[in-house]
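Asker: Supplied structure: work-v1.cif, mmCIF, C-alpha atoms.
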data_coords
loop_
_atom_site.group_PDB
_atom_site.id
_atom_site.type_symbol
_atom_site.label_atom_id
_atom_site.label_comp_id
_atom_site.auth_asym_id
_atom_site.auth_seq_id
_atom_site.Cartn_x
_atom_site.Cartn_y
_atom_site.Cartn_z
ATOM 1 C CA MET A 278 -51.279 103.817 79.839
ATOM 2 C CA ASN A 279 -52.132 104.151 83.556
ATOM 3 C CA ASP A 280 -50.695 106.663 86.025
ATOM 4 C CA TYR A 281 -48.018 104.233 87.220
ATOM 5 C CA GLU A 282 -46.793 103.444 83.709
ATOM 6 C CA GLN A 283 -46.546 107.185 83.046
ATOM 7 C CA LEU A 284 -44.405 107.476 86.181
ATOM 8 C CA HIS A 285 -42.289 104.432 85.325
ATOM 9 C CA ARG A 286 -42.717 102.562 82.055
ATOM 10 C CA PRO A 287 -41.979 98.885 82.725
ATOM 11 C CA VAL A 288 -39.103 97.572 80.620
ATOM 12 C CA LEU A 289 -39.759 94.765 78.103
ATOM 13 C CA VAL A 290 -43.155 94.119 79.684
ATOM 14 C CA ASP A 291 -44.680 92.474 76.601
ATOM 15 C CA LYS A 292 -41.720 90.106 76.309
ATOM 16 C CA VAL A 293 -41.922 89.313 80.030
ATOM 17 C CA LEU A 294 -45.561 88.312 79.557
ATOM 18 C CA GLU A 295 -44.697 86.277 76.455
ATOM 19 C CA LEU A 296 -41.831 84.323 78.043
ATOM 20 C CA LEU A 297 -43.293 83.805 81.521
ATOM 21 C CA ALA A 298 -46.815 83.198 80.169
ATOM 22 C CA PRO A 299 -48.771 83.977 83.384
ATOM 23 C CA LYS A 300 -51.929 81.915 83.853
ATOM 24 C CA ARG A 301 -55.038 82.634 85.895
ATOM 25 C CA GLY A 302 -54.608 81.564 89.519
ATOM 26 C CA GLU A 303 -50.816 81.325 89.471
ATOM 27 C CA SER A 304 -48.774 82.662 92.382
ATOM 28 C CA TYR A 305 -46.305 85.474 91.702
ATOM 29 C CA LEU A 306 -43.210 86.914 93.363
ATOM 30 C CA ASP A 307 -41.755 90.212 92.161
ATOM 31 C CA LEU A 308 -38.397 90.697 93.859
ATOM 32 C CA THR A 309 -37.888 94.242 92.547
ATOM 33 C CA ALA A 310 -41.460 95.462 92.278
ATOM 34 C CA GLY A 311 -40.638 99.155 91.970
ATOM 35 C CA TYR A 312 -43.766 101.109 91.105
ATOM 36 C CA GLY A 313 -45.595 97.969 90.002
ATOM 37 C CA GLY A 314 -45.417 98.308 86.220
ATOM 38 C CA HIS A 315 -44.731 94.625 85.593
ATOM 39 C CA ALA A 316 -46.799 93.472 88.586
ATOM 40 C CA ARG A 317 -49.981 95.190 87.440
ATOM 41 C CA ARG A 318 -49.768 93.618 83.981
ATOM 42 C CA ILE A 319 -49.032 90.158 85.380
ATOM 43 C CA LEU A 320 -51.830 90.418 87.943
ATOM 44 C CA GLN A 321 -54.274 91.242 85.150
ATOM 45 C CA MET A 322 -53.541 87.725 83.888
ATOM 46 C CA THR A 323 -53.189 85.774 87.150
ATOM 47 C CA ASN A 324 -55.864 87.653 89.131
ATOM 48 C CA ASN A 325 -54.357 86.040 92.239
ATOM 49 C CA TYR A 326 -53.536 88.898 94.608
ATOM 50 C CA GLN A 327 -53.645 86.678 97.706
ATOM 51 C CA GLN A 328 -50.668 84.636 96.457
ATOM 52 C CA THR A 329 -48.643 87.597 95.217
ATOM 53 C CA VAL A 330 -45.610 88.967 97.061
ATOM 54 C CA LEU A 331 -44.096 92.295 96.006
ATOM 55 C CA VAL A 332 -40.618 93.176 97.285
ATOM 56 C CA ASP A 333 -38.647 96.413 97.117
ATOM 57 C CA ARG A 334 -36.081 98.116 99.321
ATOM 58 C CA ASP A 335 -37.123 101.599 98.209
ATOM 59 C CA SER A 336 -39.645 103.126 100.635
ATOM 60 C CA HIS A 337 -41.099 105.341 97.855
ATOM 61 C CA ALA A 338 -41.810 102.253 95.747
ATOM 62 C CA ILE A 339 -43.458 100.421 98.656
ATOM 63 C CA ALA A 340 -45.717 103.440 99.236
ATOM 64 C CA ALA A 341 -46.763 103.353 95.559
ATOM 65 C CA LEU A 342 -47.858 99.705 95.850
ATOM 66 C CA THR A 343 -50.473 100.187 98.588
ATOM 67 C CA ASP A 344 -53.347 99.848 96.093
ATOM 68 C CA LEU A 345 -52.166 96.299 95.331
ATOM 69 C CA LYS A 346 -51.867 95.566 99.049
ATOM 70 C CA LYS A 347 -55.505 96.590 99.483
ATOM 71 C CA GLN A 348 -56.448 93.958 96.896
ATOM 72 C CA GLY A 349 -54.608 91.250 98.812
ATOM 73 C CA ALA A 350 -50.976 91.350 97.701
ATOM 74 C CA THR A 351 -48.244 91.095 100.350
ATOM 75 C CA LEU A 352 -45.618 93.875 100.411
ATOM 76 C CA LYS A 353 -42.110 93.369 101.759
ATOM 77 C CA HIS A 354 -39.840 96.376 102.350
ATOM 78 C CA ALA A 355 -36.500 94.606 102.026
ATOM 79 C CA SER A 356 -33.641 93.852 99.652
ATOM 80 C CA PHE A 357 -34.404 90.973 97.324
ATOM 81 C CA ALA A 358 -31.636 88.870 98.875
ATOM 82 C CA ALA A 359 -33.100 89.315 102.380
ATOM 83 C CA ALA A 360 -36.623 88.652 101.115
ATOM 84 C CA ILE A 361 -35.568 85.449 99.362
ATOM 85 C CA LYS A 362 -33.934 84.093 102.512
ATOM 86 C CA GLU A 363 -37.093 84.798 104.512
ATOM 87 C CA LEU A 364 -39.349 83.186 101.896
ATOM 88 C CA VAL A 365 -37.131 80.109 101.595
ATOM 89 C CA ASN A 366 -37.011 79.737 105.386
ATOM 90 C CA THR A 367 -40.820 79.710 105.466
ATOM 91 C CA ASN A 368 -41.002 77.227 102.552
ATOM 92 C CA GLN A 369 -42.886 79.556 100.220
ATOM 93 C CA GLN A 370 -42.812 78.750 96.502
ATOM 94 C CA PHE A 371 -44.224 80.473 93.425
ATOM 95 C CA ASP A 372 -45.259 79.797 89.840
ATOM 96 C CA LEU A 373 -43.724 83.065 88.614
ATOM 97 C CA VAL A 374 -40.696 85.048 89.795
ATOM 98 C CA LEU A 375 -39.440 88.298 88.251
ATOM 99 C CA MET A 376 -36.352 90.410 88.921
ATOM 100 C CA ASP A 377 -35.899 93.793 87.187
ATOM 101 C CA LEU A 378 -32.441 94.909 88.254
ATOM 102 C CA GLY A 379 -32.518 98.427 86.878
ATOM 103 C CA VAL A 380 -32.724 101.742 88.699
ATOM 104 C CA SER A 381 -36.284 102.952 88.188
ATOM 105 C CA SER A 382 -37.220 106.149 86.379
ATOM 106 C CA PRO A 383 -38.566 107.780 89.586
ATOM 107 C CA GLN A 384 -35.259 107.019 91.346
ATOM 108 C CA LEU A 385 -33.338 108.655 88.509
ATOM 109 C CA ASP A 386 -35.749 111.571 88.238
ATOM 110 C CA ARG A 387 -35.670 112.446 91.949
ATOM 111 C CA ALA A 388 -32.526 114.580 92.064
ATOM 112 C CA GLU A 389 -32.214 114.237 95.844
ATOM 113 C CA ARG A 390 -31.652 110.470 95.472
ATOM 114 C CA GLY A 391 -28.257 111.200 93.913
ATOM 115 C CA PHE A 392 -28.412 108.552 91.174
ATOM 116 C CA SER A 393 -28.131 111.079 88.367
ATOM 117 C CA PHE A 394 -25.787 114.001 87.744
ATOM 118 C CA SER A 395 -28.208 115.945 85.537
ATOM 119 C CA LYS A 396 -28.906 118.266 88.502
ATOM 120 C CA PRO A 397 -26.892 119.115 91.643
ATOM 121 C CA ALA A 398 -27.822 116.678 94.422
ATOM 122 C CA PRO A 399 -26.261 115.088 97.501
ATOM 123 C CA LEU A 400 -24.058 112.066 96.847
ATOM 124 C CA ASP A 401 -26.497 109.414 98.055
ATOM 125 C CA MET A 402 -27.391 106.554 95.623
ATOM 126 C CA ARG A 403 -28.926 104.362 98.338
ATOM 127 C CA MET A 404 -31.800 102.238 97.071
ATOM 128 C CA ASP A 405 -32.777 101.711 100.710
ATOM 129 C CA ASP A 406 -32.586 104.984 102.631
ATOM 130 C CA ARG A 407 -32.422 103.009 105.898
ATOM 131 C CA GLN A 408 -28.908 101.762 105.205
ATOM 132 C CA ALA A 409 -25.923 103.621 106.612
ATOM 133 C CA ILE A 410 -23.409 103.764 103.747
ATOM 134 C CA SER A 411 -24.001 106.265 100.949
ATOM 135 C CA ALA A 412 -22.073 107.435 97.904
ATOM 136 C CA ALA A 413 -20.700 110.329 99.968
ATOM 137 C CA ASP A 414 -19.111 107.860 102.391
ATOM 138 C CA ILE A 415 -17.382 106.011 99.568
ATOM 139 C CA VAL A 416 -16.252 109.102 97.649
ATOM 140 C CA ASN A 417 -14.984 110.981 100.693
ATOM 141 C CA ASN A 418 -13.612 108.185 102.879
ATOM 142 C CA TRP A 419 -12.396 105.257 100.799
ATOM 143 C CA SER A 420 -8.725 104.931 99.897
ATOM 144 C CA GLU A 421 -7.346 105.568 96.435
ATOM 145 C CA LEU A 422 -6.772 101.830 96.019
ATOM 146 C CA LYS A 423 -10.376 100.926 96.910
ATOM 147 C CA LEU A 424 -11.834 103.678 94.717
ATOM 148 C CA ALA A 425 -9.745 102.666 91.709
ATOM 149 C CA GLY A 426 -10.700 99.050 92.380
ATOM 150 C CA ILE A 427 -14.466 99.622 92.199
ATOM 151 C CA PHE A 428 -14.066 101.827 89.108
ATOM 152 C CA MET A 429 -12.206 99.008 87.338
ATOM 153 C CA ARG A 430 -14.386 96.166 88.605
ATOM 154 C CA TYR A 431 -17.872 97.684 88.574
ATOM 155 C CA GLY A 432 -17.426 100.423 85.973
ATOM 156 C CA GLU A 433 -15.052 98.476 83.719
ATOM 157 C CA ILE A 434 -12.823 101.549 83.541
ATOM 158 C CA ARG A 435 -9.287 101.070 82.244
ATOM 159 C CA PRO A 436 -6.739 100.996 85.110
ATOM 160 C CA LYS A 437 -4.854 104.187 84.221
ATOM 161 C CA LEU A 438 -8.019 106.324 84.124
ATOM 162 C CA ALA A 439 -9.480 104.646 87.219
ATOM 163 C CA LYS A 440 -6.349 105.466 89.219
ATOM 164 C CA LEU A 441 -6.232 109.051 87.866
ATOM 165 C CA VAL A 442 -9.832 109.787 88.842
ATOM 166 C CA ALA A 443 -9.351 108.173 92.274
ATOM 167 C CA THR A 444 -6.291 110.369 92.848
ATOM 168 C CA LYS A 445 -8.149 113.530 91.815
ATOM 169 C CA ILE A 446 -11.086 112.672 94.083
ATOM 170 C CA ILE A 447 -8.768 112.390 97.073
ATOM 171 C CA GLU A 448 -7.038 115.668 96.162
ATOM 172 C CA GLN A 449 -10.363 117.551 95.973
ATOM 173 C CA ARG A 450 -12.203 116.080 98.953
ATOM 174 C CA PRO A 451 -14.712 116.701 100.332
ATOM 175 C CA LEU A 452 -17.040 116.394 97.350
ATOM 176 C CA GLU A 453 -20.641 117.121 98.293
ATOM 177 C CA THR A 454 -22.774 116.943 95.136
ATOM 178 C CA THR A 455 -23.282 114.724 92.109
ATOM 179 C CA THR A 456 -22.399 117.532 89.726
ATOM 180 C CA GLN A 457 -19.131 118.268 91.541
ATOM 181 C CA LEU A 458 -18.094 114.645 91.102
ATOM 182 C CA ALA A 459 -19.294 114.456 87.492
ATOM 183 C CA ASP A 460 -17.399 117.649 86.562
ATOM 184 C CA LEU A 461 -14.237 116.342 88.217
ATOM 185 C CA ILE A 462 -14.457 113.136 86.164
ATOM 186 C CA ARG A 463 -15.230 114.983 82.936
ATOM 187 C CA ARG A 464 -12.057 117.050 83.299
ATOM 188 C CA GLN A 465 -9.954 113.873 83.371
ATOM 189 C CA VAL A 466 -11.433 112.307 80.222
ATOM 190 C CA HIS A 467 -10.149 113.770 76.974
ATOM 191 C CA VAL A 468 -11.709 111.279 74.542
ATOM 192 C CA ARG A 469 -15.002 112.276 72.915
ATOM 193 C CA GLN A 470 -17.769 109.748 73.572
ATOM 194 C CA LYS A 471 -21.541 109.471 73.215
ATOM 195 C CA THR A 472 -22.324 109.205 76.918
ATOM 196 C CA HIS A 473 -21.118 111.490 79.698
ATOM 197 C CA PRO A 474 -17.680 110.333 80.922
ATOM 198 C CA ALA A 475 -19.015 110.071 84.480
ATOM 199 C CA THR A 476 -21.680 107.481 83.604
ATOM 200 C CA GLN A 477 -19.600 104.353 84.257
ATOM 201 C CA PHE A 478 -18.010 105.855 87.375
ATOM 202 C CA PHE A 479 -21.456 106.588 88.831
ATOM 203 C CA GLN A 480 -22.525 103.055 87.952
ATOM 204 C CA ALA A 481 -19.523 101.684 89.837
ATOM 205 C CA ILE A 482 -20.236 103.763 92.942
ATOM 206 C CA ARG A 483 -23.942 102.842 92.879
ATOM 207 C CA ILE A 484 -23.135 99.126 92.649
ATOM 208 C CA ALA A 485 -20.728 99.446 95.586
ATOM 209 C CA VAL A 486 -23.211 101.443 97.696
ATOM 210 C CA ASN A 487 -25.964 98.870 97.234
ATOM 211 C CA ASP A 488 -23.752 95.754 97.030
ATOM 212 C CA GLU A 489 -25.722 94.863 93.921
ATOM 213 C CA LEU A 490 -23.655 92.039 92.437
ATOM 214 C CA THR A 491 -23.294 90.180 95.736
ATOM 215 C CA GLU A 492 -27.052 90.472 96.259
ATOM 216 C CA LEU A 493 -27.730 89.118 92.764
ATOM 217 C CA ASP A 494 -25.360 86.187 93.143
ATOM 218 C CA SER A 495 -26.788 85.108 96.500
ATOM 219 C CA ALA A 496 -30.377 85.526 95.227
ATOM 220 C CA LEU A 497 -29.829 83.319 92.176
ATOM 221 C CA LYS A 498 -28.323 80.535 94.256
ATOM 222 C CA LEU A 499 -31.585 80.268 96.230
ATOM 223 C CA MET A 500 -33.866 80.648 93.185
ATOM 224 C CA PRO A 501 -34.590 76.901 92.731
ATOM 225 C CA LYS A 502 -36.045 76.769 96.249
ATOM 226 C CA LEU A 503 -38.464 79.602 95.416
ATOM 227 C CA LEU A 504 -39.984 78.048 92.305
ATOM 228 C CA LYS A 505 -42.516 75.275 92.014
ATOM 229 C CA SER A 506 -41.852 72.566 89.447
ATOM 230 C CA GLY A 507 -42.753 74.128 86.097
ATOM 231 C CA GLY A 508 -42.429 77.618 87.565
ATOM 232 C CA ARG A 509 -40.842 80.356 85.456
ATOM 233 C CA VAL A 510 -38.311 83.013 86.380
ATOM 234 C CA GLY A 511 -37.348 86.094 84.405
ATOM 235 C CA VAL A 512 -34.393 88.414 85.085
ATOM 236 C CA ILE A 513 -33.909 91.802 83.424
ATOM 237 C CA SER A 514 -30.352 93.155 83.677
ATOM 238 C CA PHE A 515 -28.946 96.486 82.516
ATOM 239 C CA HIS A 516 -25.191 96.114 82.270
ATOM 240 C CA SER A 517 -22.728 93.437 81.276
ATOM 241 C CA LEU A 518 -21.663 92.549 84.830
ATOM 242 C CA GLU A 519 -25.229 91.668 85.864
ATOM 243 C CA ASP A 520 -26.021 89.893 82.628
ATOM 244 C CA ARG A 521 -22.854 87.795 82.860
ATOM 245 C CA ILE A 522 -23.833 86.569 86.336
ATOM 246 C CA VAL A 523 -27.369 85.691 85.189
ATOM 247 C CA LYS A 524 -26.185 84.065 81.948
ATOM 248 C CA ASN A 525 -23.562 81.927 83.671
ATOM 249 C CA TYR A 526 -25.946 80.850 86.436
ATOM 250 C CA PHE A 527 -28.720 79.710 84.081
ATOM 251 C CA LYS A 528 -26.199 78.057 81.745
ATOM 252 C CA GLN A 529 -24.585 76.166 84.609
ATOM 253 C CA GLU A 530 -27.880 75.098 86.187
ATOM 254 C CA SER A 531 -29.391 73.912 82.869
ATOM 255 C CA LYS A 532 -26.464 71.681 81.897
ATOM 256 C CA LYS A 533 -26.307 69.236 84.784
ATOM 257 C CA GLY A 534 -28.140 66.412 83.086
ATOM 258 C CA LEU A 535 -30.508 64.661 85.479
ATOM 259 C CA GLU A 536 -29.483 67.134 88.211
ATOM 260 C CA ALA A 537 -30.332 70.237 86.172
ATOM 261 C CA GLU A 538 -32.426 72.805 88.038
ATOM 262 C CA PHE A 539 -33.602 74.819 85.023
ATOM 263 C CA GLU A 540 -34.459 74.631 81.358
ATOM 264 C CA LEU A 541 -33.779 77.804 79.392
ATOM 265 C CA ILE A 542 -36.817 79.494 77.866
ATOM 266 C CA ASN A 543 -34.679 81.752 75.658
ATOM 267 C CA ARG A 544 -31.077 80.854 74.842
ATOM 268 C CA LYS A 545 -30.252 84.357 73.642
ATOM 269 C CA PRO A 546 -31.318 87.320 75.784
ATOM 270 C CA VAL A 547 -34.165 89.529 74.647
ATOM 271 C CA SER A 548 -32.682 92.976 74.050
ATOM 272 C CA GLY A 549 -34.440 96.195 74.976
ATOM 273 C CA GLU A 550 -32.775 97.835 71.992
ATOM 274 C CA ASP A 551 -34.597 95.420 69.664
ATOM 275 C CA TYR A 552 -37.985 95.117 71.385
ATOM 276 C CA ASP A 553 -38.488 98.220 73.539
ATOM 277 C CA ASP A 554 -37.043 101.073 71.508
ATOM 278 C CA HIS A 555 -39.928 103.391 72.504
ATOM 279 C CA ASN A 556 -38.407 103.544 76.006
ATOM 280 C CA PRO A 557 -34.911 105.134 75.966
ATOM 281 C CA ARG A 558 -34.046 103.697 79.392
ATOM 282 C CA ALA A 559 -34.687 100.166 78.102
ATOM 283 C CA ARG A 560 -31.984 100.210 75.433
ATOM 284 C CA SER A 561 -29.389 98.398 77.535
ATOM 285 C CA ALA A 562 -31.878 95.921 79.039
ATOM 286 C CA LYS A 563 -31.494 92.160 78.564
ATOM 287 C CA LEU A 564 -34.156 89.641 79.575
ATOM 288 C CA ARG A 565 -33.338 85.995 80.315
ATOM 289 C CA ALA A 566 -35.909 83.436 81.411
ATOM 290 C CA ALA A 567 -35.919 79.822 82.554
ATOM 291 C CA THR A 568 -38.316 77.113 83.748
ATOM 292 C CA ARG A 569 -37.831 75.152 86.976
ATOM 293 C CA ILE A 570 -37.544 71.477 86.143
#
Once you've parsed the file, please lay out its structure as structure tokens.
Answerer:
Amino acid sequence: MNDYEQLHRPVLVDKVLELLAPKRGESYLDLTAGYGGHARRILQMTNNYQQTVLVDRDSHAIAALTDLKKQGATLKHASFAAAIKELVNTNQQFDLVLMDLGVSSPQLDRAERGFSFSKPAPLDMRMDDRQAISAADIVNNWSELKLAGIFMRYGEIRPKLAKLVATKIIEQRPLETTTQLADLIRRQVHVRQKTHPATQFFQAIRIAVNDELTELDSALKLMPKLLKSGGRVGVISFHSLEDRIVKNYFKQESKKGLEAEFELINRKPVSGEDYDDHNPRARSAKLRAATRI
């Protein structure tokens, strides 16, 4: 295992290689390159750095990919939706496209990023530190109605609890740290559960901060324009909302008869719980893949 895989173990990497089957000389686009765990393994097989584009909106991730840039890969510091639009506008196409939608281990482990409540940290949660809105803005400025709405929609929290937590947040503003918010939520949940009661609430706020589902939806709609005929795309999702969007898109685009854009490589998603149980953060992962017709 190299230094980068020790920093961030790529999720379902063996299954990604199996389903996408990279071949020597093929071009490759990684829309969420992170610290390059998947990219390095794929590039070992394609050995085509000059036709590889690595995208991430996290400046720390981009900095960790400079060794691949030196070998010829192109780095783009942008959201995957913005990168796709730019690539489509310049008529670039690829044999392989990968999207790993999860928050990376280094993002979770850096307390100051505010993704985790294991240690006190500012309410941030921005994947791109250049953007204006942060978790603190949402928690301390949004209305009760909007807060309850994102908890229900993005966290799949039942309405009564979502409204209760939103009310308590407004009563106790300003909240400055992740642990303050997590403790507030914990006090409102009286049912024993395996995960911390704040987990789904933090997920909801993170999705809202980074506009994750809108980005995913707009990216998938442009995916056919990014892939060469016979090109393969893989998407790794980490919660039901993401997976539902990916599943429905591939299902819809593979059932149009002569107008179908894709053929499914795997009809059922590959589960991290079944194939990547050595990596605790992979348990909720689901991998879907398709071929451009």
Asker: For a test of reading the model, state the distance in Å between CA of Lys498 in chain A and CA of Thr309 in chain A, rounded to one decimal.
Answerer: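 Those two atoms sit 16.8 Å apart.
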Asker: Per residue of range 394-414 of chain A within 8 Å of range 323-341 of chain A, what are the shortest atom pair and its distance in Å to one decimal, counting only C-alpha atoms, with rows by chain and residue number, as CSV?
Answerer:
residue,atom,partner,partner_atom,distance
A:Met404,CA,A:Asp335,CA,5.5
A:Asp405,CA,A:Asp335,CA,5.0
A:Asp406,CA,A:Asp335,CA,7.2
Asker: One number please: CA of Gln369 in chain A to CA of Leu289 in chain A, in Å, one decimal.
Answerer: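 Going from CA of Gln369 in chain A over to CA of Leu289 in chain A covers 27.0 Å.
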Asker: Could you tell me how far CA of Asn418 in chain A lies from CA of Asp494 in chain A, in Å and to one decimal?
Answerer: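 Interatomic distance here is 26.8 Å.
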Asker: Box for range 422-428 of chain A: with edges along x, y and z, all listed atoms inside and 4 Å added on each side, what are the centre and edge lengths in Å to one decimal, as AutoDock Vina command-line options?
Answerer:
--center_x -10.6 --center_y 101.4 --center_z 93.0 --size_x 15.7 --size_y 12.6 --size_z 15.8
Asker: Would you mind telling me which residue in A:Thr455, A:Gln465, A:Ser517, A:Ser395 lies nearest to Ala413 in chain A when using all atoms listed in the file?
Answerer: A:Thr455
